[in-house]
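Engineer: Structure supplied as entry.cif; contents: mmCIF, C-alpha atoms.
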```cif
data_entry
loop_
_atom_site.group_PDB
_atom_site.id
_atom_site.type_symbol
_atom_site.label_atom_id
_atom_site.label_comp_id
_atom_site.auth_asym_id
_atom_site.auth_seq_id
_atom_site.Cartn_x
_atom_site.Cartn_y
_atom_site.Cartn_z
ATOM 1 C CA MET A 130 0.000 0.000 0.000
ATOM 2 C CA SER A 131 1.262 3.460 -0.878
ATOM 3 C CA ASN A 132 1.233 6.096 1.768
ATOM 4 C CA ASP A 133 0.932 8.945 -0.691
ATOM 5 C CA PRO A 134 -2.122 10.886 0.517
ATOM 6 C CA PHE A 135 -2.663 12.365 -2.971
ATOM 7 C CA GLN A 136 -2.814 9.033 -4.853
ATOM 8 C CA LEU A 137 -6.330 8.096 -5.959
ATOM 9 C CA LYS A 138 -7.860 4.689 -5.217
ATOM 10 C CA PRO A 139 -8.836 2.568 -8.297
ATOM 11 C CA SER A 140 -12.532 3.192 -7.715
ATOM 12 C CA GLU A 141 -11.829 6.918 -7.537
ATOM 13 C CA VAL A 142 -9.924 6.719 -10.858
ATOM 14 C CA THR A 143 -12.918 5.020 -12.529
ATOM 15 C CA ASN A 144 -15.187 7.631 -11.057
ATOM 16 C CA GLU A 145 -12.913 10.388 -12.293
ATOM 17 C CA ILE A 146 -12.888 8.970 -15.867
ATOM 18 C CA TRP A 147 -16.653 8.544 -15.817
ATOM 19 C CA MET A 148 -17.231 12.110 -14.609
ATOM 20 C CA ARG A 149 -14.810 13.577 -17.122
ATOM 21 C CA TYR A 150 -15.972 11.602 -20.206
ATOM 22 C CA LYS A 151 -19.553 10.732 -19.413
ATOM 23 C CA PHE A 152 -20.947 12.909 -22.200
ATOM 24 C CA LEU A 153 -18.607 11.333 -24.755
ATOM 25 C CA ILE A 154 -19.410 7.848 -23.437
ATOM 26 C CA PHE A 155 -23.148 8.512 -23.820
ATOM 27 C CA ILE A 156 -22.750 9.814 -27.372
ATOM 28 C CA GLY A 157 -20.415 6.950 -28.313
ATOM 29 C CA SER A 158 -22.775 4.331 -26.876
ATOM 30 C CA ALA A 159 -25.757 5.864 -28.658
ATOM 31 C CA VAL A 160 -23.907 5.881 -31.987
ATOM 32 C CA ALA A 161 -22.685 2.292 -31.485
ATOM 33 C CA LEU A 162 -26.191 1.115 -30.594
ATOM 34 C CA ALA A 163 -27.677 2.928 -33.606
ATOM 35 C CA CYS A 164 -25.069 1.320 -35.915
ATOM 36 C CA ALA A 165 -25.798 -2.133 -34.501
ATOM 37 C CA LEU A 166 -29.558 -1.690 -34.956
ATOM 38 C CA VAL A 167 -29.127 -0.394 -38.508
ATOM 39 C CA GLY A 168 -26.914 -3.423 -39.229
ATOM 40 C CA VAL A 169 -29.598 -5.796 -37.941
ATOM 41 C CA ALA A 170 -32.256 -3.940 -39.943
ATOM 42 C CA MET A 171 -30.172 -4.181 -43.124
ATOM 43 C CA ILE A 172 -29.654 -7.920 -42.617
ATOM 44 C CA LEU A 173 -33.409 -8.398 -42.176
ATOM 45 C CA TYR A 174 -34.136 -6.113 -45.153
ATOM 46 C CA ASN A 175 -31.987 -8.250 -47.450
ATOM 47 C CA ALA A 176 -32.727 -11.674 -45.962
ATOM 48 C CA SER A 177 -36.503 -11.232 -45.973
ATOM 49 C CA GLY A 178 -36.568 -10.322 -49.670
ATOM 50 C CA THR A 179 -37.975 -6.853 -48.983
ATOM 51 C CA ALA A 180 -35.011 -5.393 -50.857
ATOM 52 C CA LEU A 181 -36.322 -7.062 -54.018
ATOM 53 C CA LEU A 182 -39.615 -5.201 -53.738
ATOM 54 C CA ASP A 183 -38.071 -1.869 -52.899
ATOM 55 C CA LEU A 184 -38.272 0.287 -55.975
ATOM 56 C CA SER A 185 -37.605 3.447 -54.000
ATOM 57 C CA ARG A 186 -33.881 2.972 -54.558
ATOM 58 C CA PRO A 187 -32.045 5.307 -56.946
ATOM 59 C CA GLY A 188 -32.337 4.266 -60.584
ATOM 60 C CA TYR A 189 -35.880 2.929 -60.279
ATOM 61 C CA GLN A 190 -37.746 6.174 -61.023
ATOM 62 C CA GLN A 191 -39.316 4.850 -64.226
ATOM 63 C CA GLN A 192 -40.387 1.580 -62.577
ATOM 64 C CA ARG A 193 -41.799 3.472 -59.597
ATOM 65 C CA GLU A 194 -44.226 5.329 -61.814
ATOM 66 C CA MET A 195 -45.557 2.058 -63.217
ATOM 67 C CA ILE A 196 -46.445 0.434 -59.892
ATOM 68 C CA GLU A 197 -50.113 -0.436 -59.534
ATOM 69 C CA GLU A 198 -51.645 0.887 -56.345
ATOM 70 C CA SER A 199 -52.778 -2.025 -54.200
ATOM 71 C CA LYS A 200 -55.388 0.225 -52.581
ATOM 72 C CA GLN A 201 -57.190 0.324 -55.931
ATOM 73 C CA LEU A 202 -57.703 -3.437 -55.805
ATOM 74 C CA LYS A 203 -61.212 -3.708 -54.391
ATOM 75 C CA ALA A 204 -62.071 -6.429 -51.885
ATOM 76 C CA PHE A 205 -65.129 -8.675 -51.771
ATOM 77 C CA GLU A 206 -67.219 -8.358 -48.597
ATOM 78 C CA PRO A 207 -66.710 -11.436 -46.359
ATOM 79 C CA THR A 208 -70.162 -11.185 -44.789
ATOM 80 C CA GLY A 209 -73.713 -10.766 -46.024
ATOM 81 C CA GLU A 210 -76.204 -12.577 -48.214
ATOM 82 C CA LEU A 211 -74.852 -14.522 -51.169
ATOM 83 C CA ASP A 212 -77.530 -13.407 -53.597
ATOM 84 C CA GLN A 213 -77.316 -12.950 -57.353
ATOM 85 C CA GLN A 214 -75.980 -9.410 -56.969
ATOM 86 C CA ALA A 215 -73.115 -10.607 -54.728
ATOM 87 C CA ILE A 216 -72.337 -13.483 -57.099
ATOM 88 C CA ASP A 217 -72.204 -11.111 -60.073
ATOM 89 C CA GLU A 218 -70.016 -8.720 -58.104
ATOM 90 C CA PHE A 219 -67.578 -11.508 -57.237
ATOM 91 C CA ARG A 220 -67.517 -12.729 -60.833
ATOM 92 C CA ALA A 221 -66.708 -9.213 -62.074
ATOM 93 C CA LEU A 222 -63.966 -8.660 -59.477
ATOM 94 C CA TYR A 223 -62.434 -12.065 -60.128
ATOM 95 C CA ALA A 224 -62.433 -11.563 -63.903
ATOM 96 C CA GLU A 225 -60.880 -8.107 -63.539
ATOM 97 C CA ARG A 226 -58.163 -9.379 -61.166
ATOM 98 C CA THR A 227 -57.370 -12.399 -63.367
ATOM 99 C CA LYS A 228 -57.049 -10.126 -66.377
ATOM 100 C CA ARG A 229 -54.635 -7.865 -64.512
ATOM 101 C CA ALA A 230 -52.610 -10.848 -63.354
ATOM 102 C CA ALA A 231 -52.301 -12.013 -66.957
ATOM 103 C CA GLU A 232 -51.175 -8.544 -68.057
ATOM 104 C CA TRP A 233 -48.232 -8.730 -65.649
ATOM 105 C CA ALA A 234 -47.308 -12.313 -66.445
ATOM 106 C CA PHE A 235 -43.667 -13.268 -66.726
ATOM 107 C CA SER A 236 -42.451 -13.776 -70.279
ATOM 108 C CA ASP A 237 -40.798 -17.098 -71.071
ATOM 109 C CA ASP A 238 -37.065 -17.673 -70.619
ATOM 110 C CA ASN A 239 -36.134 -16.764 -74.205
ATOM 111 C CA VAL A 240 -35.316 -13.236 -73.054
ATOM 112 C CA ILE A 241 -32.075 -14.485 -71.572
ATOM 113 C CA SER A 242 -31.298 -17.137 -74.123
ATOM 114 C CA ASP A 243 -27.728 -17.241 -75.424
ATOM 115 C CA GLU A 244 -28.977 -15.987 -78.785
ATOM 116 C CA GLU A 245 -30.823 -12.986 -77.311
ATOM 117 C CA LEU A 246 -27.776 -12.057 -75.239
ATOM 118 C CA GLY A 247 -25.407 -12.544 -78.176
ATOM 119 C CA ILE A 248 -23.294 -15.148 -76.396
ATOM 120 C CA ALA A 249 -24.329 -18.215 -78.402
ATOM 121 C CA GLU A 250 -21.702 -20.151 -80.336
ATOM 122 C CA THR A 251 -23.351 -18.891 -83.524
ATOM 123 C CA SER A 252 -23.370 -15.216 -82.465
ATOM 124 C CA LYS A 253 -21.196 -12.721 -84.289
ATOM 125 C CA LYS A 254 -17.982 -11.629 -82.603
ATOM 126 C CA MET B 46 6.575 -25.128 -32.718
ATOM 127 C CA ARG B 47 5.181 -28.487 -33.759
ATOM 128 C CA THR B 48 1.665 -27.464 -32.702
ATOM 129 C CA ALA B 49 1.988 -24.323 -34.813
ATOM 130 C CA SER B 50 2.945 -26.306 -37.928
ATOM 131 C CA ILE B 51 0.025 -28.724 -37.404
ATOM 132 C CA PHE B 52 -2.311 -25.743 -37.037
ATOM 133 C CA ILE B 53 -0.972 -24.137 -40.256
ATOM 134 C CA SER B 54 -1.357 -27.461 -42.134
ATOM 135 C CA LEU B 55 -4.947 -27.754 -40.924
ATOM 136 C CA VAL B 56 -5.760 -24.199 -42.040
ATOM 137 C CA ILE B 57 -4.239 -24.857 -45.482
ATOM 138 C CA ALA B 58 -6.167 -28.149 -45.822
ATOM 139 C CA LEU B 59 -9.416 -26.426 -44.813
ATOM 140 C CA GLY B 60 -8.797 -23.597 -47.286
ATOM 141 C CA ALA B 61 -8.103 -26.062 -50.106
ATOM 142 C CA THR B 62 -11.288 -28.016 -49.313
ATOM 143 C CA LEU B 63 -13.391 -24.849 -49.306
ATOM 144 C CA ALA B 64 -11.837 -23.739 -52.604
ATOM 145 C CA LEU B 65 -12.653 -27.119 -54.177
ATOM 146 C CA VAL B 66 -16.229 -26.989 -52.932
ATOM 147 C CA ASN B 67 -16.583 -23.527 -54.463
ATOM 148 C CA ILE B 68 -15.028 -24.377 -57.794
ATOM 149 C CA GLN B 69 -16.724 -27.705 -58.401
ATOM 150 C CA PRO B 70 -20.273 -26.564 -59.276
ATOM 151 C CA ALA B 71 -19.060 -24.158 -61.979
ATOM 152 C CA ASN B 72 -16.834 -26.783 -63.564
ATOM 153 C CA ALA B 73 -19.570 -29.368 -63.284
ATOM 154 C CA ARG B 74 -21.919 -27.102 -65.214
ATOM 155 C CA ALA B 75 -19.344 -26.445 -67.923
ATOM 156 C CA LEU B 76 -18.751 -30.182 -68.208
ATOM 157 C CA GLU B 77 -22.479 -30.927 -68.359
ATOM 158 C CA ARG B 78 -22.794 -28.917 -71.532
ATOM 159 C CA GLY B 79 -19.509 -30.039 -72.945
ATOM 160 C CA ILE B 80 -16.359 -27.980 -72.965
ATOM 161 C CA LEU B 81 -16.714 -24.539 -74.531
ATOM 162 C CA THR B 82 -14.584 -24.024 -77.615
ATOM 163 C CA SER B 83 -12.018 -21.246 -77.575
ATOM 164 C CA GLU B 84 -14.005 -19.449 -80.334
ATOM 165 C CA HIS B 85 -17.143 -19.586 -78.209
ATOM 166 C CA ILE B 86 -15.281 -18.249 -75.177
ATOM 167 C CA GLU B 87 -13.990 -15.414 -77.348
ATOM 168 C CA ILE B 88 -17.556 -14.613 -78.495
ATOM 169 C CA ILE B 89 -18.700 -14.557 -74.849
ATOM 170 C CA ARG B 90 -15.780 -12.315 -73.902
ATOM 171 C CA ASN B 91 -16.512 -9.872 -76.735
ATOM 172 C CA ASN B 92 -20.286 -9.703 -76.344
ATOM 173 C CA CYS B 93 -20.745 -10.089 -72.612
ATOM 174 C CA GLY B 94 -20.753 -6.326 -71.942
ATOM 175 C CA GLN B 95 -23.792 -5.948 -74.163
ATOM 176 C CA ALA B 96 -25.313 -9.077 -72.600
ATOM 177 C CA GLN B 97 -24.892 -7.601 -69.129
ATOM 178 C CA SER B 98 -26.569 -4.363 -70.156
ATOM 179 C CA ILE B 99 -29.556 -6.344 -71.536
ATOM 180 C CA MET B 100 -29.675 -8.277 -68.271
ATOM 181 C CA THR B 101 -29.553 -5.059 -66.232
ATOM 182 C CA GLN B 102 -32.627 -3.800 -68.088
ATOM 183 C CA LEU B 103 -34.308 -7.155 -67.612
ATOM 184 C CA HIS B 104 -33.464 -7.054 -63.918
ATOM 185 C CA LYS B 105 -35.237 -3.724 -63.534
ATOM 186 C CA SER B 106 -38.290 -4.677 -65.593
ATOM 187 C CA ASP B 107 -38.592 -8.009 -63.757
ATOM 188 C CA GLN B 108 -38.533 -6.220 -60.412
ATOM 189 C CA LEU B 109 -41.440 -4.077 -61.538
ATOM 190 C CA LEU B 110 -43.240 -7.237 -62.667
ATOM 191 C CA ARG B 111 -42.520 -8.850 -59.318
ATOM 192 C CA VAL B 112 -43.994 -5.922 -57.359
ATOM 193 C CA ASN B 113 -47.149 -5.723 -59.464
ATOM 194 C CA GLN B 114 -47.601 -9.484 -59.710
ATOM 195 C CA GLY B 115 -47.092 -9.846 -55.973
ATOM 196 C CA GLN B 116 -49.748 -7.255 -55.214
ATOM 197 C CA ILE B 117 -52.260 -8.792 -57.600
ATOM 198 C CA TYR B 118 -51.719 -12.381 -56.422
ATOM 199 C CA GLU B 119 -51.860 -11.212 -52.826
ATOM 200 C CA SER B 120 -55.119 -9.381 -53.494
ATOM 201 C CA ILE B 121 -56.610 -12.450 -55.209
ATOM 202 C CA THR B 122 -56.108 -14.553 -52.113
ATOM 203 C CA SER B 123 -56.699 -11.978 -49.367
ATOM 204 C CA LYS B 124 -59.332 -9.765 -50.988
ATOM 205 C CA LEU B 125 -61.274 -12.272 -53.089
ATOM 206 C CA MET B 126 -60.735 -15.947 -52.261
ATOM 207 C CA ALA B 127 -60.649 -15.717 -48.458
ATOM 208 C CA PRO B 128 -63.631 -13.316 -48.164
ATOM 209 C CA PHE B 129 -65.683 -15.373 -50.615
ATOM 210 C CA ASN B 130 -64.899 -18.616 -48.756
ATOM 211 C CA SER B 131 -66.003 -16.973 -45.547
ATOM 212 C CA ARG B 132 -69.216 -15.536 -47.002
ATOM 213 C CA ALA B 133 -70.098 -18.755 -48.810
ATOM 214 C CA GLY B 134 -69.519 -20.699 -45.591
ATOM 215 C CA LEU B 135 -71.772 -18.340 -43.661
ATOM 216 C CA ASN B 136 -74.438 -18.898 -46.313
ATOM 217 C CA ARG B 137 -74.170 -22.689 -45.823
ATOM 218 C CA TYR B 138 -72.295 -23.535 -49.014
ATOM 219 C CA ASP B 139 -69.835 -26.435 -48.930
ATOM 220 C CA THR B 140 -66.547 -24.545 -49.179
ATOM 221 C CA SER B 141 -64.143 -27.400 -48.421
ATOM 222 C CA GLN B 142 -62.923 -27.608 -52.019
ATOM 223 C CA LEU B 143 -62.578 -23.828 -52.271
ATOM 224 C CA ALA B 144 -60.523 -23.812 -49.059
ATOM 225 C CA THR B 145 -58.213 -26.506 -50.440
ATOM 226 C CA ILE B 146 -57.651 -24.570 -53.662
ATOM 227 C CA THR B 147 -57.041 -21.351 -51.699
ATOM 228 C CA ASN B 148 -54.534 -23.196 -49.542
ATOM 229 C CA ASN B 149 -52.738 -24.529 -52.633
ATOM 230 C CA PHE B 150 -52.713 -21.034 -54.095
ATOM 231 C CA ASN B 151 -51.153 -19.646 -50.897
ATOM 232 C CA ASN B 152 -48.513 -22.383 -50.861
ATOM 233 C CA ASN B 153 -47.672 -21.704 -54.491
ATOM 234 C CA LEU B 154 -47.536 -17.987 -53.743
ATOM 235 C CA ASN B 155 -44.979 -18.617 -50.982
ATOM 236 C CA ASP B 156 -42.949 -20.818 -53.339
ATOM 237 C CA TYR B 157 -43.149 -18.098 -55.986
ATOM 238 C CA ARG B 158 -41.691 -15.546 -53.558
ATOM 239 C CA ASP B 159 -38.795 -17.878 -52.700
ATOM 240 C CA LEU B 160 -38.149 -18.806 -56.321
ATOM 241 C CA TYR B 161 -38.126 -15.167 -57.365
ATOM 242 C CA LYS B 162 -35.638 -14.416 -54.608
ATOM 243 C CA ASP B 163 -33.364 -17.202 -55.908
ATOM 244 C CA TYR B 164 -33.733 -15.953 -59.474
ATOM 245 C CA ASP B 165 -32.924 -12.384 -58.480
ATOM 246 C CA ALA B 166 -29.802 -13.518 -56.623
ATOM 247 C CA ALA B 167 -28.694 -15.631 -59.606
ATOM 248 C CA LEU B 168 -29.209 -12.742 -62.022
ATOM 249 C CA GLN B 169 -27.352 -10.361 -59.721
ATOM 250 C CA LYS B 170 -24.477 -12.838 -59.525
ATOM 251 C CA ALA B 171 -24.243 -12.924 -63.333
ATOM 252 C CA LEU B 172 -24.222 -9.115 -63.387
ATOM 253 C CA ASP B 173 -21.482 -8.897 -60.766
ATOM 254 C CA ILE B 174 -19.032 -11.141 -62.610
ATOM 255 C CA ASP B 175 -16.162 -9.494 -64.467
ATOM 256 C CA CYS B 176 -17.182 -11.275 -67.649
ATOM 257 C CA ARG B 177 -14.245 -10.144 -69.809
ATOM 258 C CA ASN B 178 -11.810 -11.825 -67.453
ATOM 259 C CA GLN B 179 -14.119 -14.673 -66.446
ATOM 260 C CA PRO B 180 -16.213 -15.568 -69.506
ATOM 261 C CA VAL B 181 -16.862 -19.205 -68.521
ATOM 262 C CA PRO B 182 -18.144 -18.506 -64.982
ATOM 263 C CA PHE B 183 -20.241 -15.715 -66.514
ATOM 264 C CA TYR B 184 -21.727 -18.105 -69.082
ATOM 265 C CA ASP B 185 -22.489 -20.611 -66.333
ATOM 266 C CA SER B 186 -24.134 -18.013 -64.124
ATOM 267 C CA VAL B 187 -26.339 -16.894 -67.032
ATOM 268 C CA ALA B 188 -27.403 -20.526 -67.469
ATOM 269 C CA VAL B 189 -28.261 -20.735 -63.748
ATOM 270 C CA ALA B 190 -30.246 -17.475 -63.912
ATOM 271 C CA ARG B 191 -32.117 -18.829 -66.945
ATOM 272 C CA GLU B 192 -33.050 -22.022 -65.071
ATOM 273 C CA LYS B 193 -34.234 -20.002 -62.069
ATOM 274 C CA ARG B 194 -36.282 -17.693 -64.284
ATOM 275 C CA GLN B 195 -37.905 -20.724 -65.892
ATOM 276 C CA ALA B 196 -38.750 -22.025 -62.402
ATOM 277 C CA VAL B 197 -40.491 -18.710 -61.600
ATOM 278 C CA HIS B 198 -42.322 -18.893 -64.911
ATOM 279 C CA ASP B 199 -43.497 -22.465 -64.167
ATOM 280 C CA LYS B 200 -44.657 -21.479 -60.689
ATOM 281 C CA ILE B 201 -46.728 -18.656 -62.161
ATOM 282 C CA GLY B 202 -48.301 -21.283 -64.430
ATOM 283 C CA GLN B 203 -49.307 -23.223 -61.310
ATOM 284 C CA LEU B 204 -50.797 -20.080 -59.754
ATOM 285 C CA PHE B 205 -52.895 -19.565 -62.876
ATOM 286 C CA ASP B 206 -53.984 -23.213 -62.701
ATOM 287 C CA ASN B 207 -55.198 -22.558 -59.131
ATOM 288 C CA ILE B 208 -57.019 -19.427 -60.318
ATOM 289 C CA ASP B 209 -58.821 -21.480 -62.988
ATOM 290 C CA GLN B 210 -59.594 -24.303 -60.535
ATOM 291 C CA TYR B 211 -61.097 -21.808 -58.111
ATOM 292 C CA GLU B 212 -63.290 -20.314 -60.809
ATOM 293 C CA ASP B 213 -64.504 -23.774 -61.870
ATOM 294 C CA GLU B 214 -65.287 -24.708 -58.266
ATOM 295 C CA PHE B 215 -67.024 -21.360 -57.722
ATOM 296 C CA ASN B 216 -69.277 -21.992 -60.735
ATOM 297 C CA ARG B 217 -70.018 -25.541 -59.588
ATOM 298 C CA LEU B 218 -70.880 -24.336 -56.097
ATOM 299 C CA ILE B 219 -73.227 -21.599 -57.299
ATOM 300 C CA GLU B 220 -74.973 -24.078 -59.573
ATOM 301 C CA GLU B 221 -75.316 -26.605 -56.750
ATOM 302 C CA GLY B 222 -76.524 -24.068 -54.195
ATOM 303 C CA PRO B 223 -76.273 -24.146 -50.394
ATOM 304 C CA ILE B 224 -76.359 -27.326 -48.326
ATOM 305 C CA SER B 225 -79.990 -28.064 -47.511
ATOM 306 C CA ASN B 226 -81.143 -28.323 -43.883
ATOM 307 C CA VAL B 227 -81.313 -31.872 -42.547
#
```
Here is a file; write its structure as structure tokens.
Structural biologist:
Amino acid sequence: MSNDPFQLKPSEVTNEIWMRYKFLIFIGSAVALACALVGVAMILYNASGTALLDLSRPGYQQQREMIEESKQLKAFEPTGELDQQAIDEFRALYAERTKRAAEWAFSDDNVISDEELGIAETSKK
Amino acid sequence: MRTASIFISLVIALGATLALVNIQPANARALERGILTSEHIEIIRNNCGQAQSIMTQLHKSDQLLRVNQGQIYESITSKLMAPFNSRAGLNRYDTSQLATITNNFNNNLNDYRDLYKDYDAALQKALDIDCRNQPVPFYDSVAVAREKRQAVHDKIGQLFDNIDQYEDEFNRLIEEGPISNV
């Protein structure tokens, strides 16, 4: 044990550091926590496939304008009488929705055939 | 000293194994189709820049398709099939067949989401390859992306089959009418 009356005890040193840097420690912890949470969010964003549906990224302006609003897709009422009027309404909604689905159907795989991409053996150099 | 050399040998062996595991699928694919001729590799090397720009456009247009398709398929099940099943059930129609078809549609819709995710990753991989320096891996990755796109296309076919089945069952049910009181 030192007899120096001016030497601080270890607990007093810790206290001193805490008092002196507490603002910086708070800011640093907040930034570190925010970075960790953003990292987790980014992992979830990519792993869940949400990134694939996100057309708000730069370079997707044209595609963004062509998105169909899901709010415009009317729903059929789950309760009530199933009379002729309701049946006709369902038929009309179903036909309209099927037609829209067909409009956005995926083309066949020819679009990335070797020939289309110009990388077939018979393509010109 | 001896422990250190054993450790280094183990690390090298592990690295070599991982490298082999990584390389094998690409070579296997090249072998499946037969070895590419040097002329063909040259054609790929020369034209792959243009191919990648076509694929970039396709990537963007497919993402738009995916968003719109997803919304429409989702609305078919959540805004039409499920509410109709519920209303028909409340009106004493036998909806067991409709429920089965709706369930199949939902399962296919989940598969479609997963398959599209795989396709998107495969296409992105083909776009990320430095095709001028790696024409064969590029060619292989295009083939993989093509297979994955075909899988998405086939799954959409199954979704449309479910849509048709539901319509047929709906018509049959309306013709048959509600279950009579016993």
Engineer: As an exercise, work out the distance from CA of Thr208 in chain A to CA of Tyr138 in chain B in Å and give it to one decimal place.
Structural biologist: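 Between CA of Thr208 in chain A and CA of Tyr138 in chain B the gap works out to 13.2 Å.
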Engineer: One number please: CA of Leu110 in chain B to CA of Asn239 in chain A, in Å, one decimal.
Structural biologist: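 Going from CA of Leu110 in chain B over to CA of Asn239 in chain A, I get 16.6 Å.
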Engineer: Could you tell me, as a VMD selection string, which residues have any atom at most 10 Å from (-60.8, -22.7, -58.3), counting only C-alpha atoms?
Structural biologist: chain B and resid 126 142 to 147 150 205 to 217
Engineer: Would you export the selected residues with C-alpha atoms as a compact mmCIF listing (two decimals), in the frame of the given file, please?
Structural biologist:
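Written out: selection.txt:
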```
# COMPACT_ATOMS: atom_id res chain seq x y z
CA MET B 126 -60.74 -15.95 -52.26
CA GLN B 142 -62.92 -27.61 -52.02
CA LEU B 143 -62.58 -23.83 -52.27
CA ALA B 144 -60.52 -23.81 -49.06
CA THR B 145 -58.21 -26.51 -50.44
CA ILE B 146 -57.65 -24.57 -53.66
CA THR B 147 -57.04 -21.35 -51.70
CA PHE B 150 -52.71 -21.03 -54.10
CA PHE B 205 -52.90 -19.57 -62.88
CA ASP B 206 -53.98 -23.21 -62.70
CA ASN B 207 -55.20 -22.56 -59.13
CA ILE B 208 -57.02 -19.43 -60.32
CA ASP B 209 -58.82 -21.48 -62.99
CA GLN B 210 -59.59 -24.30 -60.54
CA TYR B 211 -61.10 -21.81 -58.11
CA GLU B 212 -63.29 -20.31 -60.81
CA ASP B 213 -64.50 -23.77 -61.87
CA GLU B 214 -65.29 -24.71 -58.27
CA PHE B 215 -67.02 -21.36 -57.72
CA ASN B 216 -69.28 -21.99 -60.74
CA ARG B 217 -70.02 -25.54 -59.59
```
Engineer: Need to verify the contact set: Lys203 in chain A, 12 Å, all atoms listed in the file, exclusion of same-chain residues closer than 3 positions in sequence. Can you return it as a PyMOL selection string?
Structural biologist: (chain A and resi 198-200+206+218-219+221-223+225-226) or (chain B and resi 117+120-121+123-125+128)
Engineer: Can you check which residues of chain B have any atom within 7 Å of chain A? Use all atoms listed in the file and format it as a PyMOL selection string.
Structural biologist: chain B and resi 85+88-89+91-93+96+108-110+112-114+116-117+120-121+124-125+128-129+131-133+136+162+191+194-195+198
Engineer: Keeping only C-alpha atoms, write the selected residues as a compact mmCIF listing (two decimals), in the frame of the given file.
Structural biologist:
```txt
# COMPACT_ATOMS: atom_id res chain seq x y z
CA HIS B 85 -17.14 -19.59 -78.21
CA ILE B 88 -17.56 -14.61 -78.50
CA ILE B 89 -18.70 -14.56 -74.85
CA ASN B 91 -16.51 -9.87 -76.74
CA ASN B 92 -20.29 -9.70 -76.34
CA CYS B 93 -20.74 -10.09 -72.61
CA ALA B 96 -25.31 -9.08 -72.60
CA GLN B 108 -38.53 -6.22 -60.41
CA LEU B 109 -41.44 -4.08 -61.54
CA LEU B 110 -43.24 -7.24 -62.67
CA VAL B 112 -43.99 -5.92 -57.36
CA ASN B 113 -47.15 -5.72 -59.46
CA GLN B 114 -47.60 -9.48 -59.71
CA GLN B 116 -49.75 -7.26 -55.21
CA ILE B 117 -52.26 -8.79 -57.60
CA SER B 120 -55.12 -9.38 -53.49
CA ILE B 121 -56.61 -12.45 -55.21
CA LYS B 124 -59.33 -9.76 -50.99
CA LEU B 125 -61.27 -12.27 -53.09
CA PRO B 128 -63.63 -13.32 -48.16
CA PHE B 129 -65.68 -15.37 -50.62
CA SER B 131 -66.00 -16.97 -45.55
CA ARG B 132 -69.22 -15.54 -47.00
CA ALA B 133 -70.10 -18.76 -48.81
CA ASN B 136 -74.44 -18.90 -46.31
CA LYS B 162 -35.64 -14.42 -54.61
CA ARG B 191 -32.12 -18.83 -66.94
CA ARG B 194 -36.28 -17.69 -64.28
CA GLN B 195 -37.90 -20.72 -65.89
CA HIS B 198 -42.32 -18.89 -64.91
```
Engineer: Using the chain letters and numbers from the file, which residues does the PyMOL selection byres ((chain B and resi 167) around 8) grab, as a list in words?
Structural biologist: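 Residues picked by the PyMOL selection byres ((chain B and resi 167) around 8): Asp163, Tyr164, Asp165, Ala166, Leu168, Gln169, Lys170, Ala171, Ser186, Val187, Val189, Ala190 and Lys193 of chain B.
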Engineer: For a test of reading the model, state the distance in Å between CA of Glu192 in chain B and CA of Asn151 in chain B, rounded to one decimal.
Structural biologist: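 Atom-to-atom, CA of Glu192 in chain B to CA of Asn151 in chain B, that is 23.1 Å.
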